[in-house]
$ cat final28.tsv   # TSV, C-alpha atoms
chain	number	residue	atom	x	y	z
A	56	MET	CA	-109.23	198.53	-52.62
A	57	ALA	CA	-111.45	197.10	-49.89
A	58	ARG	CA	-114.62	197.22	-51.88
A	59	TRP	CA	-113.10	195.08	-54.61
A	60	ALA	CA	-111.53	192.64	-52.19
A	61	PRO	CA	-112.26	189.04	-53.01
A	62	GLY	CA	-114.75	187.58	-50.62
A	63	ALA	CA	-116.88	190.73	-50.30
A	64	SER	CA	-119.91	188.69	-51.31
A	65	GLU	CA	-119.23	186.10	-48.61
A	66	ARG	CA	-118.58	188.80	-45.98
A	67	LEU	CA	-121.83	190.53	-46.93
A	68	GLN	CA	-123.76	187.27	-46.69
A	69	ARG	CA	-122.31	186.48	-43.27
A	70	ALA	CA	-123.00	190.01	-42.02
A	71	ALA	CA	-126.56	189.93	-43.35
A	72	MET	CA	-127.32	186.55	-41.78
A	73	GLU	CA	-125.98	187.76	-38.42
A	74	LEU	CA	-128.10	190.89	-38.52
A	75	PHE	CA	-131.24	189.07	-39.71
A	76	ALA	CA	-130.83	186.63	-36.81
A	77	GLU	CA	-130.08	189.38	-34.26
A	78	ASP	CA	-132.51	192.13	-35.27
A	79	GLY	CA	-134.97	190.40	-37.59
A	80	PHE	CA	-135.23	190.71	-41.35
A	81	GLU	CA	-137.45	193.83	-41.39
A	82	ALA	CA	-135.26	195.85	-39.02
A	83	THR	CA	-132.04	195.08	-40.90
A	84	THR	CA	-130.88	197.67	-43.44
A	85	VAL	CA	-128.49	197.43	-46.36
A	86	ALA	CA	-126.47	200.21	-44.72
A	87	GLY	CA	-126.16	198.14	-41.54
A	88	ILE	CA	-125.11	195.04	-43.49
A	89	ALA	CA	-122.46	197.02	-45.38
A	90	VAL	CA	-121.05	198.50	-42.17
A	91	ARG	CA	-120.78	195.11	-40.50
A	92	ALA	CA	-119.14	193.63	-43.61
A	93	GLY	CA	-116.72	196.57	-43.81
A	94	VAL	CA	-117.75	197.60	-47.34
A	95	THR	CA	-119.76	200.43	-48.88
A	96	GLU	CA	-123.43	200.24	-49.75
A	97	ARG	CA	-122.43	200.51	-53.41
A	98	THR	CA	-120.44	197.32	-53.01
A	99	PHE	CA	-123.50	195.63	-51.52
A	100	PHE	CA	-125.55	196.56	-54.56
A	101	ARG	CA	-122.84	195.28	-56.86
A	102	HIS	CA	-123.44	191.82	-55.38
A	103	PHE	CA	-127.15	191.77	-54.47
A	104	ALA	CA	-130.29	193.44	-55.79
A	105	ASP	CA	-131.63	193.94	-52.24
A	106	LYS	CA	-131.34	192.51	-48.73
A	107	ARG	CA	-133.82	189.75	-49.54
A	108	GLU	CA	-131.68	188.37	-52.34
A	109	VAL	CA	-128.80	187.74	-49.91
A	110	LEU	CA	-130.85	184.79	-48.65
A	111	PHE	CA	-131.34	183.47	-52.19
A	112	ALA	CA	-127.82	183.90	-53.51
A	113	GLY	CA	-127.32	180.14	-53.80
A	114	GLU	CA	-130.53	179.61	-55.77
A	115	SER	CA	-129.10	179.46	-59.29
A	116	VAL	CA	-126.12	177.38	-58.14
A	117	LEU	CA	-128.42	174.80	-56.55
A	118	GLU	CA	-130.64	174.74	-59.63
A	119	LYS	CA	-127.61	174.09	-61.80
A	120	VAL	CA	-126.54	171.19	-59.57
A	121	PHE	CA	-129.93	169.54	-60.07
A	122	VAL	CA	-130.00	170.21	-63.81
A	123	ASP	CA	-126.43	169.04	-64.42
A	124	ALA	CA	-127.08	165.82	-62.55
A	125	ILE	CA	-130.10	165.10	-64.74
A	126	ALA	CA	-128.20	165.89	-67.93
A	127	GLY	CA	-125.33	163.65	-66.80
A	128	ALA	CA	-127.41	160.65	-65.74
A	129	PRO	CA	-126.77	157.52	-67.85
A	130	ALA	CA	-129.02	157.16	-70.89
A	131	GLY	CA	-131.46	154.27	-70.87
A	132	ALA	CA	-131.63	154.18	-67.07
A	133	PRO	CA	-135.03	153.66	-65.43
A	134	PRO	CA	-137.06	156.89	-65.12
A	135	ALA	CA	-136.10	157.26	-61.48
A	136	GLY	CA	-132.38	157.33	-62.33
A	137	PRO	CA	-132.04	161.02	-63.26
A	138	LEU	CA	-134.37	162.05	-60.42
A	139	VAL	CA	-132.38	160.27	-57.74
A	140	ALA	CA	-129.14	161.59	-59.28
A	141	ALA	CA	-130.48	165.15	-59.08
A	142	LEU	CA	-131.67	164.75	-55.49
A	143	ASP	CA	-128.38	163.17	-54.42
A	144	ALA	CA	-126.36	165.95	-56.06
A	145	GLY	CA	-128.53	168.76	-54.67
A	146	GLY	CA	-128.67	167.22	-51.21
A	147	ARG	CA	-124.92	166.70	-51.14
A	148	ALA	CA	-124.29	170.30	-52.21
A	149	LEU	CA	-126.47	171.66	-49.42
A	150	GLN	CA	-125.16	169.45	-46.66
A	151	ASP	CA	-121.48	169.72	-47.60
A	152	GLU	CA	-121.18	173.36	-48.59
A	153	ARG	CA	-123.09	175.42	-46.07
A	154	GLY	CA	-124.27	172.70	-43.77
A	155	ARG	CA	-127.18	172.05	-41.47
A	156	ASP	CA	-126.64	174.94	-39.02
A	157	TYR	CA	-126.67	177.50	-41.82
A	158	ALA	CA	-129.82	175.89	-43.23
A	159	ARG	CA	-131.52	176.04	-39.82
A	160	THR	CA	-130.66	179.71	-39.31
A	161	ARG	CA	-131.75	180.63	-42.81
A	162	ASN	CA	-135.00	178.70	-42.43
A	163	GLU	CA	-135.85	180.49	-39.16
A	164	ILE	CA	-135.32	183.86	-40.82
A	165	ILE	CA	-137.49	182.89	-43.77
A	166	MET	CA	-140.34	181.37	-41.78
A	167	ALA	CA	-140.63	184.56	-39.70
A	168	ASN	CA	-141.43	186.75	-42.72
A	169	GLU	CA	-144.29	186.32	-45.18
A	170	GLN	CA	-142.51	187.99	-48.09
A	171	LEU	CA	-139.57	185.62	-47.61
A	172	ARG	CA	-141.83	182.58	-47.42
A	173	GLU	CA	-143.33	183.55	-50.77
A	174	ARG	CA	-139.87	184.05	-52.26
A	175	GLU	CA	-138.92	180.59	-51.00
A	176	LEU	CA	-142.00	179.09	-52.67
A	177	LEU	CA	-141.03	180.83	-55.90
A	178	LYS	CA	-137.55	179.33	-55.60
A	179	LEU	CA	-139.01	175.84	-55.29
A	180	ALA	CA	-141.36	176.44	-58.23
A	181	LYS	CA	-138.42	177.55	-60.35
A	182	LEU	CA	-136.46	174.47	-59.29
A	183	SER	CA	-139.37	172.27	-60.30
A	184	HIS	CA	-139.53	173.93	-63.72
A	185	ALA	CA	-135.79	173.59	-64.18
A	186	VAL	CA	-135.96	169.86	-63.42
A	187	THR	CA	-138.88	169.49	-65.84
A	188	ALA	CA	-137.00	171.34	-68.59
A	189	ALA	CA	-133.89	169.21	-68.04
A	190	LEU	CA	-136.00	166.05	-68.38
A	191	VAL	CA	-137.76	167.31	-71.50
A	192	ALA	CA	-134.31	167.96	-72.96
A	193	ARG	CA	-133.60	164.24	-72.38
A	194	GLY	CA	-136.71	163.30	-74.34
A	195	VAL	CA	-139.10	162.72	-71.43
A	196	ALA	CA	-142.73	163.49	-72.34
A	197	ASP	CA	-144.09	166.82	-71.07
A	198	VAL	CA	-146.70	165.49	-68.66
A	199	THR	CA	-144.28	162.99	-67.12
A	200	ALA	CA	-141.51	165.60	-66.91
A	201	CYS	CA	-143.87	168.02	-65.19
A	202	LEU	CA	-144.91	165.43	-62.61
A	203	ALA	CA	-141.26	164.47	-62.12
A	204	GLY	CA	-140.30	168.12	-61.49
A	205	GLU	CA	-143.00	168.36	-58.83
A	206	LEU	CA	-141.99	165.01	-57.36
A	207	VAL	CA	-138.32	165.99	-57.05
A	208	VAL	CA	-139.23	169.22	-55.26
A	209	LEU	CA	-141.64	167.36	-52.96
A	210	VAL	CA	-138.92	164.89	-51.95
A	211	PHE	CA	-136.37	167.69	-51.60
A	212	LYS	CA	-138.69	169.87	-49.50
A	213	THR	CA	-139.84	167.12	-47.14
A	214	GLY	CA	-136.29	165.75	-46.83
A	215	PHE	CA	-134.99	169.24	-46.09
A	216	THR	CA	-137.65	169.82	-43.41
A	217	ARG	CA	-136.65	166.59	-41.67
A	218	TRP	CA	-132.93	167.36	-42.08
A	219	ILE	CA	-133.16	170.67	-40.20
A	220	ALA	CA	-135.51	169.36	-37.49
A	221	PRO	CA	-134.11	169.58	-33.93
A	222	GLY	CA	-132.04	166.52	-33.02
A	223	GLU	CA	-131.94	165.04	-36.53
A	224	THR	CA	-128.53	163.57	-37.27
A	225	ARG	CA	-128.99	161.72	-40.58
A	226	ASP	CA	-127.79	163.51	-43.67
A	227	LEU	CA	-130.01	165.11	-46.29
A	228	VAL	CA	-129.13	162.66	-49.07
A	229	GLU	CA	-130.20	159.74	-46.88
A	230	LEU	CA	-133.46	161.41	-45.84
A	231	GLN	CA	-134.30	162.24	-49.45
A	232	ARG	CA	-133.63	158.65	-50.56
A	233	GLU	CA	-135.91	157.40	-47.80
A	234	GLY	CA	-138.62	159.87	-48.86
A	235	PHE	CA	-138.30	158.89	-52.52
A	236	ALA	CA	-138.64	155.22	-51.66
A	237	ALA	CA	-141.65	155.96	-49.42
A	238	ILE	CA	-143.39	157.76	-52.29
A	239	GLY	CA	-142.74	154.71	-54.43
A	240	ASP	CA	-144.39	152.50	-51.81
A	241	LEU	CA	-147.35	154.89	-51.48
A	242	ALA	CA	-148.01	155.11	-55.20
A	243	ARG	CA	-147.49	151.42	-55.86
A	244	ALA	CA	-149.79	148.49	-55.35
A	245	GLU	CA	-153.01	150.02	-56.59
A	246	THR	CA	-155.09	150.60	-59.67
B	98	MET	CA	-187.13	189.11	-46.03
B	99	ALA	CA	-184.86	189.23	-49.07
B	100	ARG	CA	-181.66	189.25	-47.08
B	101	TRP	CA	-182.62	186.01	-45.33
B	102	ALA	CA	-183.83	184.37	-48.52
B	103	PRO	CA	-182.38	180.92	-49.06
B	104	GLY	CA	-179.74	180.99	-51.76
B	105	ALA	CA	-178.32	184.40	-50.85
B	106	SER	CA	-174.90	182.79	-50.58
B	107	GLU	CA	-175.17	181.27	-54.06
B	108	ARG	CA	-176.45	184.53	-55.55
B	109	LEU	CA	-173.56	186.42	-53.93
B	110	GLN	CA	-171.06	183.92	-55.29
B	111	ARG	CA	-172.45	184.15	-58.79
B	112	ALA	CA	-172.54	187.97	-58.67
B	113	ALA	CA	-168.97	188.12	-57.35
B	114	MET	CA	-167.64	185.77	-60.04
B	115	GLU	CA	-169.33	187.80	-62.75
B	116	LEU	CA	-167.87	191.06	-61.46
B	117	PHE	CA	-164.38	189.60	-60.91
B	118	ALA	CA	-164.43	188.35	-64.52
B	119	GLU	CA	-165.82	191.62	-65.92
B	120	ASP	CA	-163.95	194.25	-63.89
B	121	GLY	CA	-161.09	192.33	-62.30
B	122	PHE	CA	-160.73	191.31	-58.65
B	123	GLU	CA	-159.17	194.58	-57.42
B	124	ALA	CA	-161.84	196.83	-58.96
B	125	THR	CA	-164.74	194.80	-57.59
B	126	THR	CA	-166.27	196.01	-54.32
B	127	VAL	CA	-168.44	194.26	-51.75
B	128	ALA	CA	-171.04	196.98	-52.33
B	129	GLY	CA	-171.09	196.16	-56.05
B	130	ILE	CA	-171.41	192.45	-55.39
B	131	ALA	CA	-174.31	193.02	-52.99
B	132	VAL	CA	-176.13	195.25	-55.50
B	133	ARG	CA	-175.78	192.70	-58.28
B	134	ALA	CA	-176.98	189.89	-55.98
B	135	GLY	CA	-179.90	192.00	-54.78
B	136	VAL	CA	-178.95	191.88	-51.09
B	137	THR	CA	-177.49	194.31	-48.58
B	138	GLU	CA	-173.81	194.57	-47.70
B	139	ARG	CA	-174.66	193.29	-44.23
B	140	THR	CA	-176.00	190.13	-45.84
B	141	PHE	CA	-172.74	189.77	-47.74
B	142	PHE	CA	-170.77	189.92	-44.50
B	143	ARG	CA	-173.06	187.35	-42.91
B	144	HIS	CA	-171.86	184.88	-45.54
B	145	PHE	CA	-168.26	185.92	-46.30
B	146	ALA	CA	-165.47	187.60	-44.37
B	147	ASP	CA	-164.43	189.60	-47.45
B	148	LYS	CA	-164.57	189.50	-51.25
B	149	ARG	CA	-161.55	187.20	-51.43
B	150	GLU	CA	-163.27	184.50	-49.38
B	151	VAL	CA	-166.06	184.22	-51.97
B	152	LEU	CA	-163.52	182.41	-54.14
B	153	PHE	CA	-162.63	180.03	-51.33
B	154	ALA	CA	-166.12	179.24	-50.04
B	155	GLY	CA	-165.83	175.61	-51.18
B	156	GLU	CA	-162.53	175.06	-49.42
B	157	SER	CA	-163.75	173.38	-46.24
B	158	VAL	CA	-166.29	171.28	-48.18
B	159	LEU	CA	-163.58	169.97	-50.50
B	160	GLU	CA	-161.28	169.27	-47.58
B	161	LYS	CA	-164.05	167.28	-45.88
B	162	VAL	CA	-164.60	165.22	-49.06
B	163	PHE	CA	-160.92	164.21	-49.06
B	164	VAL	CA	-160.84	163.51	-45.33
B	165	ASP	CA	-164.08	161.51	-45.29
B	166	ALA	CA	-162.87	159.37	-48.19
B	167	ILE	CA	-159.69	158.54	-46.28
B	168	ALA	CA	-161.59	157.75	-43.11
B	169	GLY	CA	-163.99	155.53	-45.07
B	170	ALA	CA	-161.39	153.59	-47.06
B	171	PRO	CA	-161.32	149.86	-46.22
B	172	ALA	CA	-158.91	148.89	-43.44
B	173	GLY	CA	-155.95	146.72	-44.40
B	174	ALA	CA	-155.90	148.04	-47.98
B	175	PRO	CA	-152.55	148.86	-49.58
B	176	PRO	CA	-151.23	152.32	-48.63
B	177	ALA	CA	-152.40	153.76	-51.95
B	178	GLY	CA	-156.02	152.77	-51.24
B	179	PRO	CA	-157.05	155.73	-49.08
B	180	LEU	CA	-155.06	158.16	-51.27
B	181	VAL	CA	-156.79	157.11	-54.48
B	182	ALA	CA	-160.14	157.10	-52.68
B	183	ALA	CA	-159.55	160.69	-51.54
B	184	LEU	CA	-158.45	161.86	-55.00
B	185	ASP	CA	-161.40	160.15	-56.68
B	186	ALA	CA	-163.87	161.68	-54.23
B	187	GLY	CA	-162.35	165.17	-54.43
B	188	GLY	CA	-162.05	165.04	-58.21
B	189	ARG	CA	-165.62	163.83	-58.58
B	190	ALA	CA	-166.92	166.61	-56.32
B	191	LEU	CA	-165.14	169.28	-58.36
B	192	GLN	CA	-166.11	168.00	-61.78
B	193	ASP	CA	-169.72	167.17	-60.93
B	194	GLU	CA	-170.70	170.08	-58.70
B	195	ARG	CA	-169.34	173.23	-60.23
B	196	GLY	CA	-167.75	171.83	-63.33
B	197	ARG	CA	-164.86	172.65	-65.61
B	198	ASP	CA	-166.08	176.05	-66.84
B	199	TYR	CA	-166.42	177.38	-63.31
B	200	ALA	CA	-162.98	176.04	-62.48
B	201	ARG	CA	-161.47	177.76	-65.52
B	202	THR	CA	-163.08	181.11	-64.70
B	203	ARG	CA	-162.05	180.89	-61.07
B	204	ASN	CA	-158.50	179.93	-62.02
B	205	GLU	CA	-158.16	182.91	-64.36
B	206	ILE	CA	-159.28	185.28	-61.63
B	207	ILE	CA	-156.84	183.77	-59.15
B	208	MET	CA	-153.84	183.67	-61.46
B	209	ALA	CA	-154.28	187.39	-62.23
B	210	ASN	CA	-153.80	188.45	-58.60
B	211	GLU	CA	-150.82	187.77	-56.37
B	212	GLN	CA	-152.77	187.88	-53.12
B	213	LEU	CA	-155.21	185.29	-54.53
B	214	ARG	CA	-152.38	183.06	-55.72
B	215	GLU	CA	-151.00	183.04	-52.19
B	216	ARG	CA	-154.41	182.26	-50.75
B	217	GLU	CA	-154.69	179.36	-53.21
B	218	LEU	CA	-151.30	178.02	-52.10
B	219	LEU	CA	-152.48	178.25	-48.50
B	220	LYS	CA	-155.60	176.28	-49.44
B	221	LEU	CA	-153.47	173.51	-50.93
B	222	ALA	CA	-151.17	173.48	-47.89
B	223	LYS	CA	-154.20	173.14	-45.61
B	224	LEU	CA	-155.55	170.32	-47.78
B	225	SER	CA	-152.21	168.54	-47.53
B	226	HIS	CA	-152.25	168.86	-43.73
B	227	ALA	CA	-155.84	167.63	-43.57
B	228	VAL	CA	-154.94	164.52	-45.61
B	229	THR	CA	-151.92	163.92	-43.37
B	230	ALA	CA	-154.03	164.25	-40.22
B	231	ALA	CA	-156.67	161.87	-41.61
B	232	LEU	CA	-153.97	159.28	-42.35
B	233	VAL	CA	-152.37	159.68	-38.92
B	234	ALA	CA	-155.83	159.05	-37.45
B	235	ARG	CA	-155.81	155.72	-39.34
B	236	GLY	CA	-152.50	154.78	-37.74
B	237	VAL	CA	-150.16	155.79	-40.59
B	238	ALA	CA	-146.73	156.88	-39.32
B	239	ASP	CA	-146.10	160.65	-39.26
B	240	VAL	CA	-143.37	160.80	-41.90
B	241	THR	CA	-145.31	158.60	-44.32
B	242	ALA	CA	-148.54	160.50	-43.69
B	243	CYS	CA	-146.78	163.80	-44.34
B	244	LEU	CA	-145.35	162.56	-47.64
B	245	ALA	CA	-148.75	161.15	-48.57
B	246	GLY	CA	-150.43	164.51	-47.88
B	247	GLU	CA	-147.95	166.22	-50.18
B	248	LEU	CA	-148.33	163.49	-52.80
B	249	VAL	CA	-152.12	163.76	-52.86
B	250	VAL	CA	-151.93	167.53	-53.33
B	251	LEU	CA	-149.31	167.14	-56.06
B	252	VAL	CA	-151.51	164.72	-57.99
B	253	PHE	CA	-154.58	166.87	-57.40
B	254	LYS	CA	-152.82	170.08	-58.48
B	255	THR	CA	-151.24	168.67	-61.64
B	256	GLY	CA	-154.44	166.82	-62.55
B	257	PHE	CA	-156.45	169.99	-62.04
B	258	THR	CA	-154.07	172.03	-64.22
B	259	ARG	CA	-154.48	169.52	-67.03
B	260	TRP	CA	-158.25	169.33	-66.52
B	261	ILE	CA	-158.76	173.06	-67.07
B	262	ALA	CA	-156.32	173.31	-69.98
B	263	PRO	CA	-157.88	174.50	-73.27
B	264	GLY	CA	-159.34	171.64	-75.28
B	265	GLU	CA	-158.97	169.01	-72.54
B	266	THR	CA	-161.99	166.70	-72.52
B	267	ARG	CA	-161.05	163.93	-70.10
B	268	ASP	CA	-162.45	164.19	-66.61
B	269	LEU	CA	-160.51	165.16	-63.51
B	270	VAL	CA	-160.77	161.76	-61.83
B	271	GLU	CA	-159.22	160.09	-64.88
B	272	LEU	CA	-156.41	162.64	-65.13
B	273	GLN	CA	-155.61	162.26	-61.44
B	274	ARG	CA	-155.51	158.47	-61.73
B	275	GLU	CA	-153.13	158.78	-64.65
B	276	GLY	CA	-150.93	161.19	-62.69
B	277	PHE	CA	-150.91	158.92	-59.64
B	278	ALA	CA	-149.87	155.94	-61.75
B	279	ALA	CA	-147.16	158.02	-63.46
B	280	ILE	CA	-145.71	158.98	-60.07
B	281	GLY	CA	-145.65	155.29	-59.19
B	282	ASP	CA	-143.69	154.56	-62.36
B	283	LEU	CA	-141.29	157.43	-61.72
B	284	ALA	CA	-140.55	156.46	-58.13
B	285	ARG	CA	-140.29	152.76	-58.85
B	286	ALA	CA	-137.46	150.71	-60.26
B	287	GLU	CA	-134.57	152.31	-58.44
B	288	THR	CA	-132.48	152.15	-55.29

$ encode --input "final28.tsv" --output "structure tokens"
Amino acid sequence: MARWAPGASERLQRAAMELFAEDGFEATTVAGIAVRAGVTERTFFRHFADKREVLFAGESVLEKVFVDAIAGAPAGAPPAGPLVAALDAGGRALQDERGRDYARTRNEIIMANEQLRERELLKLAKLSHAVTAALVARGVADVTACLAGELVVLVFKTGFTRWIAPGETRDLVELQREGFAAIGDLARAET
Amino acid sequence: MARWAPGASERLQRAAMELFAEDGFEATTVAGIAVRAGVTERTFFRHFADKREVLFAGESVLEKVFVDAIAGAPAGAPPAGPLVAALDAGGRALQDERGRDYARTRNEIIMANEQLRERELLKLAKLSHAVTAALVARGVADVTACLAGELVVLVFKTGFTRWIAPGETRDLVELQREGFAAIGDLARAET
């Protein structure tokens, strides 16, 4: 029954992250991950398409957090309302669920491999599109929604980079709010 | 004397763009580009590291236009001053020098090839860093300068995408200004 045990996905993720950190992403095999997690390779492939996708397992969950926050933001709020709601919800999910140490480890693995860096960029592009689509569904005009999707990802990305920097103690939600406000200051007061 | 003739670089660029558009990027060879331009392969390699770099020959020029505009913006202006100056200068250079049709052709070539898409992303990342460095040199704080670099590239990228869209007639500078103002509206009025 082991291969159907609940938590196989979590065990596989933990095993994969350990091996990526110990041996590097390239040198890690699916067979090795399965052995460390105590499951068969077939079980691995029931949960993940390949070893790369282990690092992106939370992608659709995070996207949904952003999208749901936009859909649930009060109607008639200022344009920034749904954006800040999405950033707060996404930031809270990341900091509370897996936490800063996981994010740091994952980031180190990704930055060391070009294929993973590209996959990470694709993830952010998809997040931007998801935010745009959620705003369009609220009646926001296409051009504005597109800019807003890019803006949300910019604030998320720069907030995230600061959050995982060595010695940083402030939480992600706070850093994102500060970044959002700074963008407002930068884009204000001209033209 | 042909291989030292002035304009060899321009002839090589034109020949390469024609062949990329006709045969695709992958199928085009340096030898073929040199033949069409009427120069030797050695001449090609005096001007470009490889066929990919033909598409990115304007990169450092464009970066310098942005950086010089920031350096030359009046002191004591609002934070947006140097950013708008950089976008105006960069937008004007693109629309006036090579124009919209060139930009459309180049974009089609790049979007059709994954390696070129990555190289384009790298170009934008370098532009963002150059803007950040130029702002830091003016005394802007690191975090703000980093956000501003990302913001400038966001406005440039989304303005550029609109500029080359089918049927678009407004110029790049105008579209960027509109995008910049829209970001200001989006990031305003909250928190």

$ atom_distance --input "final28.tsv" --atom1 "CA of Ala105 in chain B" --atom2 "CA of Leu269 in chain B"
29.1 Å

$ interface_residues --input "final28.tsv" --of "chain A" --to "chain B" --cutoff "10 Å" --atoms "all atoms listed in the file" --output "compact mmCIF listing (two decimals) with C-alpha atoms, keeping the file's coordinate frame"
# COMPACT_ATOMS: atom_id res chain seq x y z
CA ALA A 132 -131.63 154.18 -67.07
CA PRO A 133 -135.03 153.66 -65.43
CA PRO A 134 -137.06 156.89 -65.12
CA ALA A 135 -136.10 157.26 -61.48
CA GLY A 136 -132.38 157.33 -62.33
CA LEU A 138 -134.37 162.05 -60.42
CA VAL A 139 -132.38 160.27 -57.74
CA GLU A 173 -143.33 183.55 -50.77
CA LEU A 176 -142.00 179.09 -52.67
CA VAL A 198 -146.70 165.49 -68.66
CA THR A 199 -144.28 162.99 -67.12
CA ALA A 200 -141.51 165.60 -66.91
CA CYS A 201 -143.87 168.02 -65.19
CA LEU A 202 -144.91 165.43 -62.61
CA ALA A 203 -141.26 164.47 -62.12
CA GLU A 205 -143.00 168.36 -58.83
CA LEU A 206 -141.99 165.01 -57.36
CA VAL A 207 -138.32 165.99 -57.05
CA LEU A 209 -141.64 167.36 -52.96
CA VAL A 210 -138.92 164.89 -51.95
CA LYS A 212 -138.69 169.87 -49.50
CA THR A 213 -139.84 167.12 -47.14
CA GLY A 214 -136.29 165.75 -46.83
CA ARG A 217 -136.65 166.59 -41.67
CA ARG A 232 -133.63 158.65 -50.56
CA GLU A 233 -135.91 157.40 -47.80
CA GLY A 234 -138.62 159.87 -48.86
CA PHE A 235 -138.30 158.89 -52.52
CA ALA A 236 -138.64 155.22 -51.66
CA ALA A 237 -141.65 155.96 -49.42
CA ILE A 238 -143.39 157.76 -52.29
CA GLY A 239 -142.74 154.71 -54.43
CA ASP A 240 -144.39 152.50 -51.81
CA LEU A 241 -147.35 154.89 -51.48
CA ALA A 242 -148.01 155.11 -55.20
CA ARG A 243 -147.49 151.42 -55.86
CA ALA A 244 -149.79 148.49 -55.35
CA GLU A 245 -153.01 150.02 -56.59
CA THR A 246 -155.09 150.60 -59.67

$ residues_around --input "final28.tsv" --residues "range 117-125 of chain B" --least-positions-apart "5" --cutoff "9 Å" --atoms "all atoms listed in the file" --output "list of chain:residue names"
B:Ala112, B:Ile130, B:Lys148, B:Arg149, B:Thr202, B:Arg203, B:Glu205, B:Ile206, B:Ile207, B:Ala209, B:Asn210

$ residues_near_point --input "final28.tsv" --point "(-174.3, 183.5, -53.1)" --cutoff "10 Å" --atoms "all atoms listed in the file" --output "NGL selection string"
:B and (103-114 or 130-131 or 134 or 136 or 140-141 or 144-145 or 151 or 154)

$ residues_around --input "final28.tsv" --residues "Ala227 in chain B" --least-positions-apart "5" --cutoff "9 Å" --atoms "all atoms listed in the file" --output "PyMOL selection string"
chain B and resi 160-161+163-164+222+232+246

$ atom_distance --input "final28.tsv" --atom1 "CA of Lys223 in chain B" --atom2 "CA of Thr187 in chain A"
25.6 Å

$ closest_residue --input "final28.tsv" --among "B:Arg201, B:Arg235, B:Glu156, B:Gln212" --to "Ala262 in chain B" --atoms "all atoms listed in the file"
B:Arg201

$ atom_distance --input "final28.tsv" --atom1 "CA of Gly169 in chain B" --atom2 "CA of Leu224 in chain B"
17.2 Å

$ residues_around --input "final28.tsv" --residues "Gly146 in chain A" --least-positions-apart "2" --cutoff "10 Å" --atoms "all atoms listed in the file" --output "PDB file with C-alpha atoms, keeping the file's coordinate frame"
ATOM      1  CA  LEU A 117    -128.420 174.800 -56.550  1.00  0.00           C
ATOM      2  CA  VAL A 120    -126.540 171.190 -59.570  1.00  0.00           C
ATOM      3  CA  PHE A 121    -129.930 169.540 -60.070  1.00  0.00           C
ATOM      4  CA  ALA A 140    -129.140 161.590 -59.280  1.00  0.00           C
ATOM      5  CA  ALA A 141    -130.480 165.150 -59.080  1.00  0.00           C
ATOM      6  CA  LEU A 142    -131.670 164.750 -55.490  1.00  0.00           C
ATOM      7  CA  ASP A 143    -128.380 163.170 -54.420  1.00  0.00           C
ATOM      8  CA  ALA A 144    -126.360 165.950 -56.060  1.00  0.00           C
ATOM      9  CA  ALA A 148    -124.290 170.300 -52.210  1.00  0.00           C
ATOM     10  CA  LEU A 149    -126.470 171.660 -49.420  1.00  0.00           C
ATOM     11  CA  GLN A 150    -125.160 169.450 -46.660  1.00  0.00           C
ATOM     12  CA  ASP A 151    -121.480 169.720 -47.600  1.00  0.00           C
ATOM     13  CA  PHE A 211    -136.370 167.690 -51.600  1.00  0.00           C
ATOM     14  CA  GLY A 214    -136.290 165.750 -46.830  1.00  0.00           C
ATOM     15  CA  PHE A 215    -134.990 169.240 -46.090  1.00  0.00           C
ATOM     16  CA  ASP A 226    -127.790 163.510 -43.670  1.00  0.00           C
ATOM     17  CA  LEU A 227    -130.010 165.110 -46.290  1.00  0.00           C
ATOM     18  CA  VAL A 228    -129.130 162.660 -49.070  1.00  0.00           C
ATOM     19  CA  GLU A 229    -130.200 159.740 -46.880  1.00  0.00           C
ATOM     20  CA  LEU A 230    -133.460 161.410 -45.840  1.00  0.00           C
ATOM     21  CA  GLN A 231    -134.300 162.240 -49.450  1.00  0.00           C
ATOM     22  CA  ARG A 232    -133.630 158.650 -50.560  1.00  0.00           C
TER      23      ARG A 232
END
